[in-house]
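Shown next: work-v3.cif, given as mmCIF, N, CA and C atoms.
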data_run
#
loop_
_atom_site.group_PDB
_atom_site.id
_atom_site.type_symbol
_atom_site.label_atom_id
_atom_site.label_comp_id
_atom_site.auth_asym_id
_atom_site.auth_seq_id
_atom_site.Cartn_x
_atom_site.Cartn_y
_atom_site.Cartn_z
ATOM 1 N N MET A 1 113.309 77.560 112.787
ATOM 2 C CA MET A 1 111.973 77.052 112.573
ATOM 3 C C MET A 1 111.303 77.788 111.409
ATOM 4 N N ILE A 2 111.417 79.101 111.380
ATOM 5 C CA ILE A 2 110.766 79.878 110.335
ATOM 6 C C ILE A 2 111.514 79.740 109.012
ATOM 7 N N ARG A 3 112.808 79.474 109.077
ATOM 8 C CA ARG A 3 113.611 79.363 107.862
ATOM 9 C C ARG A 3 113.062 78.340 106.888
ATOM 10 N N GLY A 4 112.686 77.189 107.364
ATOM 11 C CA GLY A 4 112.202 76.126 106.494
ATOM 12 C C GLY A 4 110.692 76.094 106.382
ATOM 13 N N LEU A 5 110.057 77.218 106.624
ATOM 14 C CA LEU A 5 108.598 77.258 106.660
ATOM 15 C C LEU A 5 107.984 76.934 105.303
ATOM 16 N N PHE A 6 108.446 77.556 104.250
ATOM 17 C CA PHE A 6 107.872 77.320 102.934
ATOM 18 C C PHE A 6 108.914 76.724 102.002
ATOM 19 N N GLN A 7 109.012 75.435 102.025
ATOM 20 C CA GLN A 7 109.877 74.728 101.101
ATOM 21 C C GLN A 7 109.058 74.403 99.857
ATOM 22 N N PRO A 8 109.704 74.070 98.759
ATOM 23 C CA PRO A 8 108.960 73.792 97.525
ATOM 24 C C PRO A 8 107.880 72.716 97.684
ATOM 25 N N MET A 9 108.138 71.712 98.486
ATOM 26 C CA MET A 9 107.137 70.657 98.682
ATOM 27 C C MET A 9 105.902 71.208 99.391
ATOM 28 N N HIS A 10 106.103 72.117 100.350
ATOM 29 C CA HIS A 10 104.965 72.720 101.053
ATOM 30 C C HIS A 10 104.105 73.524 100.082
ATOM 31 N N LEU A 11 104.758 74.294 99.223
ATOM 32 C CA LEU A 11 104.017 75.099 98.252
ATOM 33 C C LEU A 11 103.249 74.216 97.268
ATOM 34 N N LEU A 12 103.833 73.094 96.893
ATOM 35 C CA LEU A 12 103.157 72.158 96.001
ATOM 36 C C LEU A 12 101.911 71.580 96.660
ATOM 37 N N VAL A 13 102.016 71.218 97.930
ATOM 38 C CA VAL A 13 100.866 70.682 98.668
ATOM 39 C C VAL A 13 99.770 71.740 98.771
ATOM 40 N N ILE A 14 100.142 72.978 99.054
ATOM 41 C CA ILE A 14 99.157 74.063 99.139
ATOM 42 C C ILE A 14 98.472 74.252 97.785
ATOM 43 N N LEU A 15 99.231 74.204 96.696
ATOM 44 C CA LEU A 15 98.668 74.350 95.357
ATOM 45 C C LEU A 15 97.669 73.234 95.052
ATOM 46 N N VAL A 16 97.999 72.012 95.423
ATOM 47 C CA VAL A 16 97.095 70.881 95.196
ATOM 48 C C VAL A 16 95.813 71.055 95.998
ATOM 49 N N ILE A 17 95.927 71.498 97.241
ATOM 50 C CA ILE A 17 94.739 71.716 98.075
ATOM 51 C C ILE A 17 93.854 72.799 97.471
ATOM 52 N N VAL A 18 94.457 73.887 97.008
ATOM 53 C CA VAL A 18 93.684 74.963 96.374
ATOM 54 C C VAL A 18 92.993 74.440 95.121
ATOM 55 N N LEU A 19 93.677 73.637 94.345
ATOM 56 C CA LEU A 19 93.095 73.067 93.134
ATOM 57 C C LEU A 19 91.910 72.169 93.467
ATOM 58 N N ILE A 20 92.024 71.382 94.523
ATOM 59 C CA ILE A 20 90.928 70.500 94.927
ATOM 60 C C ILE A 20 89.739 71.313 95.435
ATOM 61 N N VAL A 21 90.001 72.331 96.239
ATOM 62 C CA VAL A 21 88.921 73.115 96.840
ATOM 63 C C VAL A 21 88.174 73.934 95.789
ATOM 64 N N PHE A 22 88.885 74.640 94.926
ATOM 65 C CA PHE A 22 88.242 75.549 93.987
ATOM 66 C C PHE A 22 87.972 74.932 92.620
ATOM 67 N N GLY A 23 88.699 73.913 92.256
ATOM 68 C CA GLY A 23 88.498 73.288 90.956
ATOM 69 C C GLY A 23 89.238 74.027 89.859
ATOM 70 N N PRO A 24 89.545 73.320 88.781
ATOM 71 C CA PRO A 24 90.320 73.938 87.704
ATOM 72 C C PRO A 24 89.565 75.036 86.957
ATOM 73 N N GLY A 25 88.252 75.000 86.948
ATOM 74 C CA GLY A 25 87.483 76.023 86.242
ATOM 75 C C GLY A 25 87.468 77.357 86.955
ATOM 76 N N LYS A 26 87.601 77.327 88.261
ATOM 77 C CA LYS A 26 87.512 78.548 89.065
ATOM 78 C C LYS A 26 88.870 79.243 89.206
ATOM 79 N N LEU A 27 89.965 78.542 88.974
ATOM 80 C CA LEU A 27 91.299 79.112 89.179
ATOM 81 C C LEU A 27 91.587 80.337 88.306
ATOM 82 N N PRO A 28 91.239 80.357 87.026
ATOM 83 C CA PRO A 28 91.498 81.581 86.245
ATOM 84 C C PRO A 28 90.748 82.794 86.795
ATOM 85 N N GLU A 29 89.529 82.571 87.258
ATOM 86 C CA GLU A 29 88.754 83.666 87.841
ATOM 87 C C GLU A 29 89.407 84.162 89.128
ATOM 88 N N LEU A 30 89.895 83.243 89.940
ATOM 89 C CA LEU A 30 90.589 83.632 91.170
ATOM 90 C C LEU A 30 91.875 84.388 90.856
ATOM 91 N N GLY A 31 92.609 83.925 89.854
ATOM 92 C CA GLY A 31 93.836 84.608 89.454
ATOM 93 C C GLY A 31 93.559 86.011 88.946
ATOM 94 N N ASN A 32 92.485 86.155 88.185
ATOM 95 C CA ASN A 32 92.102 87.468 87.665
ATOM 96 C C ASN A 32 91.737 88.408 88.812
ATOM 97 N N SER A 33 90.962 87.904 89.757
ATOM 98 C CA SER A 33 90.564 88.726 90.906
ATOM 99 C C SER A 33 91.775 89.122 91.743
ATOM 100 N N LEU A 34 92.682 88.184 91.938
ATOM 101 C CA LEU A 34 93.888 88.468 92.708
ATOM 102 C C LEU A 34 94.747 89.511 91.995
ATOM 103 N N GLY A 35 94.870 89.390 90.683
ATOM 104 C CA GLY A 35 95.636 90.362 89.908
ATOM 105 C C GLY A 35 95.047 91.759 89.995
ATOM 106 N N LYS A 36 93.718 91.851 89.914
ATOM 107 C CA LYS A 36 93.057 93.159 90.027
ATOM 108 C C LYS A 36 93.255 93.749 91.415
ATOM 109 N N ALA A 37 93.202 92.892 92.435
ATOM 110 C CA ALA A 37 93.392 93.378 93.804
ATOM 111 C C ALA A 37 94.808 93.916 93.995
ATOM 112 N N ILE A 38 95.793 93.197 93.487
ATOM 113 C CA ILE A 38 97.186 93.640 93.610
ATOM 114 C C ILE A 38 97.396 94.938 92.832
ATOM 115 N N LYS A 39 96.814 95.018 91.636
ATOM 116 C CA LYS A 39 96.934 96.228 90.818
ATOM 117 C C LYS A 39 96.310 97.428 91.528
ATOM 118 N N GLY A 40 95.139 97.220 92.133
ATOM 119 C CA GLY A 40 94.482 98.298 92.874
ATOM 120 C C GLY A 40 95.291 98.734 94.075
ATOM 121 N N PHE A 41 95.889 97.762 94.768
ATOM 122 C CA PHE A 41 96.714 98.079 95.930
ATOM 123 C C PHE A 41 97.931 98.896 95.519
ATOM 124 N N LYS A 42 98.601 98.473 94.449
ATOM 125 C CA LYS A 42 99.777 99.209 93.973
ATOM 126 C C LYS A 42 99.395 100.619 93.542
ATOM 127 N N LYS A 43 98.232 100.756 92.897
ATOM 128 C CA LYS A 43 97.782 102.074 92.466
ATOM 129 C C LYS A 43 97.506 102.961 93.673
ATOM 130 N N ALA A 44 96.870 102.400 94.696
ATOM 131 C CA ALA A 44 96.565 103.180 95.898
ATOM 132 C C ALA A 44 97.846 103.613 96.600
ATOM 133 N N VAL A 45 98.810 102.722 96.691
ATOM 134 C CA VAL A 45 100.082 103.059 97.329
ATOM 135 C C VAL A 45 100.811 104.103 96.492
ATOM 136 N N GLY A 46 100.783 103.952 95.177
ATOM 137 C CA GLY A 46 101.429 104.919 94.293
ATOM 138 C C GLY A 46 100.769 106.284 94.379
ATOM 139 N N ASP A 47 99.439 106.309 94.495
ATOM 140 C CA ASP A 47 98.725 107.580 94.623
ATOM 141 C C ASP A 47 99.085 108.271 95.923
ATOM 142 N N GLU A 48 99.219 107.506 96.997
ATOM 143 C CA GLU A 48 99.605 108.098 98.284
ATOM 144 C C GLU A 48 100.992 108.706 98.186
ATOM 145 N N ASN A 49 101.923 107.983 97.577
ATOM 146 C CA ASN A 49 103.281 108.503 97.418
ATOM 147 C C ASN A 49 103.270 109.735 96.528
ATOM 148 N N HIS A 50 102.491 109.695 95.469
ATOM 149 C CA HIS A 50 102.413 110.834 94.548
ATOM 150 C C HIS A 50 101.792 112.037 95.250
ATOM 151 N N ASP A 51 100.741 111.801 96.048
ATOM 152 C CA ASP A 51 100.113 112.894 96.794
ATOM 153 C C ASP A 51 101.090 113.495 97.795
ATOM 154 N N GLY A 52 101.883 112.656 98.437
ATOM 155 C CA GLY A 52 102.872 113.141 99.395
ATOM 156 C C GLY A 52 103.939 113.975 98.715
ATOM 157 N N GLU A 53 104.373 113.557 97.537
ATOM 158 C CA GLU A 53 105.371 114.320 96.789
ATOM 159 C C GLU A 53 104.789 115.652 96.333
ATOM 160 N N ALA A 54 103.543 115.644 95.897
ATOM 161 C CA ALA A 54 102.900 116.886 95.449
ATOM 162 C C ALA A 54 102.751 117.853 96.617
ATOM 163 N N ALA A 55 102.381 117.341 97.781
ATOM 164 C CA ALA A 55 102.232 118.199 98.959
ATOM 165 C C ALA A 55 103.584 118.780 99.363
ATOM 166 N N ALA A 56 104.637 117.973 99.288
ATOM 167 C CA ALA A 56 105.970 118.452 99.645
ATOM 168 C C ALA A 56 106.421 119.540 98.671
ATOM 169 N N THR A 57 106.134 119.362 97.397
ATOM 170 C CA THR A 57 106.491 120.365 96.397
ATOM 171 C C THR A 57 105.734 121.661 96.634
ATOM 172 N N MET A 58 104.454 121.548 96.975
ATOM 173 C CA MET A 58 103.654 122.743 97.246
ATOM 174 C C MET A 58 104.163 123.459 98.491
ATOM 175 N N ASN A 59 104.556 122.695 99.510
ATOM 176 C CA ASN A 59 105.100 123.299 100.729
ATOM 177 C C ASN A 59 106.399 124.039 100.435
ATOM 178 N N GLN A 60 107.257 123.449 99.622
ATOM 179 C CA GLN A 60 108.517 124.093 99.276
ATOM 180 C C GLN A 60 108.262 125.367 98.478
ATOM 181 N N ALA A 61 107.292 125.334 97.580
ATOM 182 C CA ALA A 61 106.977 126.515 96.771
ATOM 183 C C ALA A 61 106.425 127.634 97.643
ATOM 184 N N SER A 62 105.592 127.286 98.622
ATOM 185 C CA SER A 62 105.015 128.321 99.484
ATOM 186 C C SER A 62 106.067 128.886 100.440
ATOM 187 N N GLU A 63 107.054 128.079 100.821
ATOM 188 C CA GLU A 63 108.118 128.557 101.705
ATOM 189 C C GLU A 63 109.034 129.540 100.973
ATOM 190 N N LYS A 64 109.204 129.363 99.673
ATOM 191 C CA LYS A 64 110.070 130.239 98.890
ATOM 192 C C LYS A 64 109.474 131.633 98.741
ATOM 193 N N LYS A 65 108.152 131.736 98.797
ATOM 194 C CA LYS A 65 107.488 133.037 98.616
ATOM 195 C C LYS A 65 107.616 133.839 99.820
#
Taking this structure as input, can you express it in the form of structure tokens?
Amino acid sequence: MIRGLFQPMHLLVILVIVLIVFGPGKLPELGNSLGKAIKGFKKAVGDENHDGEAAATMNQASEKK
């Protein structure tokens, strides 16, 4: 059941509905907002990973002393 959940025809129908609801003028603004949100999310996840690596390095340095 889940395997055939998103076939190309389903995605096309969803795209048409989004186009009707928001209109062609609003789509670039929505795309820009979505891109910024994804970029912010990736940055936040990257910062968490970087902070974790920095903490691990500091722990290893303090253990060596």
Box along x, y and z, 5 Å on every side, all listed atoms of region 7-25 of chain A inside: centre and edge lengths in Å to one decimal, as JSON.
{"center_x": 98.7, "center_y": 73.9, "center_z": 94.1, "size_x": 32.4, "size_y": 16.9, "size_z": 25.8}
(message) What's the separation between CA of Gly31 (chain A) and atom N of Val16 (chain A), in Å to one decimal place?
(response) 14.5 Å
(message) Would you compute the distance between atom C of Leu30 (chain A) and atom C of Ile14 (chain A)? Give it in Å to one decimal.
(response)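 Separating atom C of Leu30 (chain A) from atom C of Ile14 (chain A) is a distance of 13.9 Å.
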